[in-house]
Structures are given as structure tokens and as C-alpha cells.
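First the structure, in the form of C-alpha cells, and then the observations on it.
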Amino acid sequence: MKFLRLLVLLLVIPAYAQQGGMWIPSLLKGMNEKEMKSLGMKMSASDIYDVNHSSLKDAVPQFNGGCTSEVISSQGLLLTNHHCGYGEIQSHSTVEHDYLTDGFWAMSMEEELPNADLEVTFIVRIEDVTTKVLDGTASITSEEAKQQKIQENINNLTKTLPKESWQENRIRTFYEGNQYMLFVVESYPDVRLVGAPPSSVGKFGSDTDNWVWPRHTGDFSIFRIYADKNNRPAPYSKDNVPYKPKHYFPVSIGGIEENDFTLVFGYPGRTTEYLPSVAVEQILTSLNPAKIEVRDAALKVTDSFMRRDPAIKIQYAAKYARIANYWKKWIGESQGLEKTNAVAIKKDYEKNFLKEVNKAGKQSEYGNLFNQFEAKYNEIAPYALSRDYFFEVVLRNTELLTIGFRLYQLEQVYNTRGEQAFNDRKGNTIASLEGTYKDFNKNVDEKVFEKLIELYATKSPQQFVPAGLINADYKVLTKNIYSESKLTSYEGLQELLSGDAKTVIEKLNNDKGFQLVKAMSDSFLTYVNPKYEEINLEIEALQRTYMKGILELSPKDARIFPDANSTLRVTYGKVKGYAPRDAVYYEPVTYLDGVMEKYVPGDYEFDVPKKLIDLYNKKDYGQYGDNGKMPVCFIGTNHTTGGNSGSPAIDARGNLIGLNFDRVWEGTMSDIYYDPSICRNIMVDMRYVLFIIDKYAGCTRLIDEMEIVKNKKK
């Protein structure tokens, strides 16, 4: 598969030939290594990824499946974003001990707090298994049958390929199914909370500043990995000991400046860089606007309650942040796609692609691709929109409906697998929903429901909306459900699920909340999802063919990287400012002065702790200041996305200089189209992290544990 070694991004102008891309770390030798060194890197590709010796990849575990983290000491000290550890910080918080507001610092290992259901996962090695995965598929013409055979092969290989007993094999697809890679991993489930700044530092600017530059957020939290006496993964035990890493990052306080080399290592979640223009147009004109409107309504309701009640603020803090994150991201993404004229650029690329098709005599293979894309995206449009409304209203933003859907699934277990399976699932459902109800407020959810159910009923494609919701009085509907349904409390849920299977099913179907969820779910699973999946499978086959054509027909020096899929990647670039619009230029570094400029006493987004104000007024920055100023954040040209939260920002020699946590708003469209002129990732400067730990929190034991590099080497 020679074409899979092509190394460069499509759709970028030559001036930015070394910008963009999320590269597989085991395949960096060659052009990637040459590019990185031309940008100033002093390491080798083997320093970054090596199977036989310790390398940077051994210090970069995935954090709980959704973020990235990095090991920063020989005793398993772990750094990630404040927003990545937010759920754990919240879970330990009460009104009396509000670690979200006040911060938390363990002054000894004995004070470090264990966390249920939190794990970090290290990559042991990466191997290409494409030939093995595709074995026996060449003669299969049915797309569904081909995918079934591929999945059978993956399942078999996952079980049989060599690994240690405590490790796991994972196989992931790349280049839209044109390549498959094996990741051998090991996961550590005993991860304890060590430190977190107050939200006025770790979440400074909150939702107003989210996805925005200039940024002044100390977005970090600290954990520690624990292992058994053999340094292997083990569930929480008081007998566990701090993990001894194969590699950990020295922390540099030597400072950064514009055009310095930066490497970001992490687990980017999902990108779709090679979508055809018709798909991007559908996102812009239909799907994003719908999702934005739903979340906007939910956020306004929740915010109004959080501002009035401290207990609700704690209950809903993590949920609000989760909902707001992609709401704002979708807004910026749409604006960026429009500003960069991404649809037109993709159409031009498609015209050039067809010229290459004709030149190569490949018309039968690729000549009709874009007509087929057009037809299939037109066909899927109402199903995709209805699916997004169902997901946003039922599964993501209205808790009564989300809980109701869990019970709907429970009923399906009874109908398809019988009473024993039902009883097994029922117990798990009751236990797992206890935590959900801990952070549930009936009054908040009722107002959210009232707003969102009307959006669903009036704006989702009408042919898929249950008859009972068409032209309903949504205020009356809401009042009836929240006054009568048992789903509004954990005690009510337990009452609904008490008794034998037939009794429970009967009680569920007499509950007004469940009745509504069932009507919506029946419609979705009968009329929407099957057709969506059918058409989407055909679109995926077209996308795979398109990707194959891109790889096959692009010039040999083309930089074509695989879309992100939550696997370990490297992205490299430079510290760099940018010009978001006419006559405006953003410098690449922010300082504590900017925190004070934004300071609003008592405001939940822009308040500043008194001790931080005192340190600022005295300019008491210790060894972390820079010419009398305290650096806070900086930006670079690294191509990142969700999942890169918490990723280490590494200098030319492999030292930790920052912690990735966001992107600039104008560049959030980089998941779909990367434009190096405005796409920037945002990192908190490690000097600010250490300043907060040392001078603000006084947790000097953590500073003593790290290897601090003081001088910057050119």
C-alpha cells in the first residue's frame, strides 16, 4: 500500500506546506521527520515513537477515553486540562467543600482522592494489519456483507494477535477503510485527584471566552496514576503504589517566542477533512443551525437557574460546560467555513480531481463520484436532520427524555431477550441512574423540556414527528408530564422498576413521560434510523472510493494524513499569531495583565481570587515570570480537535512547554477544512501552571517532584 505513505495535507497553498495534519507516530520517519527538523525540531522520529526504547509516546496516555494527558514525574504525576478532570473535581465537591469554586490541593499522597470509573490508557505499540483485516473481502460485492466480513476479521484478530495478559488489542480504520492499524494498549484504572485550581483560574472566562483568543485560562488539573507492586494496571487499592513511567516530560520554564517549534501529541477525536462539497454545504445550511438552536435554548434556561442557586450551579456545572462546548464550536465552525469559502474551494478541488481522473483514464472508477454524492446527500437530508433533533433533544439535552430512553431500551430487552435478560439489565439500570439523579433538578429540566420539545415538534421533519406532538400545547404537555411522571425523581424511578417484568412494563407504559419517549423512540427507530443507516452505508462506500482516488491520483509529494479517530497522533507547527479580520492582528502570547483587565468582581466567569490579585500587584511571580510579566497562554499552528484537550505542547528538544486546551473560534472549522492562515490551537503556558501550583497554592511538593528545565536552548 505504497500510496498510504504519502505525507501532506490536501487543499493548502505552497506557502503553508508544513502546516496541518494529524500524523500516525509510528510512520514519522521520512518526510514528516524532515519537515519537523526544518521547523526547528532537535529530536529524531525515534525519540517521539519507539517500540524497543522509551520515547515520548510512553508519557502520553489517553485520559478516560475522551481527553489526553501527560506524565510529568517519575512517580506517575499526571497533567491534563481542568475541563477534562471537571467531572472528577465536581464529584468530590459539596456545598461545604466546593472544590470547583475553591480548588483542591493534596498536600501529601495520602490526601490524593480516588475516582471511580476513571482510567488512563497508554499505547504500547502500533502495527499495520490492513492485509489481515481485508482478507477475504475482495470478491464480496455487497457493501453490508463486506463490512460484516471486515468486522469478523477484526474481532478474530483482536482476540488472537499477541499481547500481554494485562493488555488489550484495538484495531482502528484509517483513510476511510483503506488502511487498518493495530494498537496494543494498557489501561490503568487507579487514577487519583492530586490538584486543581479554583474555577476562577481553571475555567476563567468560562463560556464567554470558550473558543476565543486572546485567552487567559489556567486550564489544568493534576492526577496521579497508581499501579500494583509490579507496576501493572490494578483496580483501586490502598496497597497500590505510584506508577513508574517508561518516560516522563521534563517541564521547561525557559519560555517561548513567536516561530518556536511546537509538537502536540494526543488523541484527536474526529475530523472529516475529505468530505465532498455537498456534505459541507448540508452541514452549513441545515445540520449545524438546528443543533445550535437546540443547545442555545437549553443553555439559556440552565444558565438562568445556575446564576440564582449555588447548589444548582454545582449540579449542572459539568453538564452545562459539555453542552456549551460544542454549541459554541458549531457556531465558530460555520462562520469559519463561510469566511474561508470552504464549499467553493472544495468544489474547485473536485473539478481538479476529475481532471486527474480523466488524465489517468479512471472514469469508470471515479468519474461519477460527485453525482453519486449529490444524490445520496439529497436523499439522506431529512433523515440526518431528524436524527440530529432526536439526538439533541432526547439523548443529550433533556434529562427526563434521556432517562426515559434508557427505560425504553430496557423494554426492548424484555421484548427481544426475555425476562432473565430484562432483570439483569434492570438492576444495572437502577444502579447507574442513581448518579444521574444526584445531578438532576426537576425544575431546571422541566423548563428545558418545554423549550426543546417545541423545537423538536415544529422544526424536525414533520413526517417523523409523533402525531401527539403536532400542534400540541407544549406548556400544558410539559406541566402534565412533570407533575405526573415518575421519571422526575430517583424514588419514582425505583417505584416504576419494582416488581416482576410484566408489572414493570405495565407501569412504564402507564407513565406519561415514558409514553412520550416511547412514541418519539418508536418513530425514530422505525422510520428514521434504519433509512439513515442504509443511505449512510452507501455514502461511506463512496467516501472510501473517493479517498482511494485521492491517494492514488495525488502527486507523490502530496501531504495526505488520515482523519482523526481518537488514536494517538502527532501534529507539529510553530508559535504564531494571526489576523482574523481586516486591520486586526493577534499576538501569540497572553499575560496575567489580561486576566486583570477582564476581572469583574463576583462574576462567575471573570472573578479573580484575592490571592492571585495580591500576587499580581506585588509582581510575585518567582522563577516563572518573564521580564516582570506572568505569561498565561499562547497559540500555535498545530492542527488539533476535540480529544486533544490536555495534550502536551512540546518544544524542539522534547520538554513540556504548554498544555493544549482549545482552538480559536475563527479556526474551529479545521475539523472539516484546515486553513493555516487562521487555524490556531490554544495552550496554557507551563510557567503559569507551575506559578499557580507553587506561588498560589503553595503545593511545592509537586514542584519538587518534577524535573524543571530552566534554560531555553536554541
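Residues in the C-alpha cells are named by chain (A, B, ... in the order shown) and by number from 1 within that chain; ligands are numbered from 1 in the order shown.
Within range 8-145 of chain A, DSSP applied to the backbone places the following residues in strand (DSSP E or B): Trp23, Gln62, Phe63, Cys67, Thr68, Glu70, Val71, Leu77, Leu78, Leu79, Thr80, Phe104, Trp105, Leu113, Pro114, Val120, Thr121, Phe122, Ile123, Val124, Arg125, Ile126, Glu127 and Asp128 of chain A.
Counting only C-alpha atoms, Val343 in chain A has the following residues at most 12 Å away, ignoring those fewer than 2 positions along the same chain: Leu11, Tyr274, Leu275, Pro276, Ser277, Val278, Ala279, Val280, Glu281, Gln282, Ile283, Leu284, Thr285, Ser334, Gly336, Leu337, Glu338, Lys339, Thr340, Asn341, Ile345, Lys346, Lys347, Asp348, Tyr349, Glu350, Met669, Ile672 and Tyr673 of chain A.
Atom to atom, CA of Arg680 in chain A and CA of Met43 in chain A stand 23.4 Å apart.
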- request: Considering only C-alpha atoms, return as a VMD selection string whatever protein or nucleic-acid residues lie within 10 Å of Asp207 in chain A, sequence-local ones (same chain, fewer than 6 positions apart) excluded.
  value: chain A and resid 320 to 321 324 to 325 328 605
- request: Could you jot down the CA of Lys629 in chain A to CA of Asp593 in chain A separation for me, Å, one decimal place?
  value: 7.7 Å
message: Please list as a PyMOL selection string every residue within 10 Å of Pro162 in chain A, counting only C-alpha atoms and excluding residues in the same chain fewer than 6 positions away.
response: chain A and resi 168-169+184
message: Would you pick out the contacts of Asn471 in chain A at 10 Å or less, using only C-alpha atoms, so that residues sharing its chain but fewer than 2 positions from it are not included, and give the list as an MDAnalysis selection string?
response: chainID A and resid 454 457:458 467:469 473:474
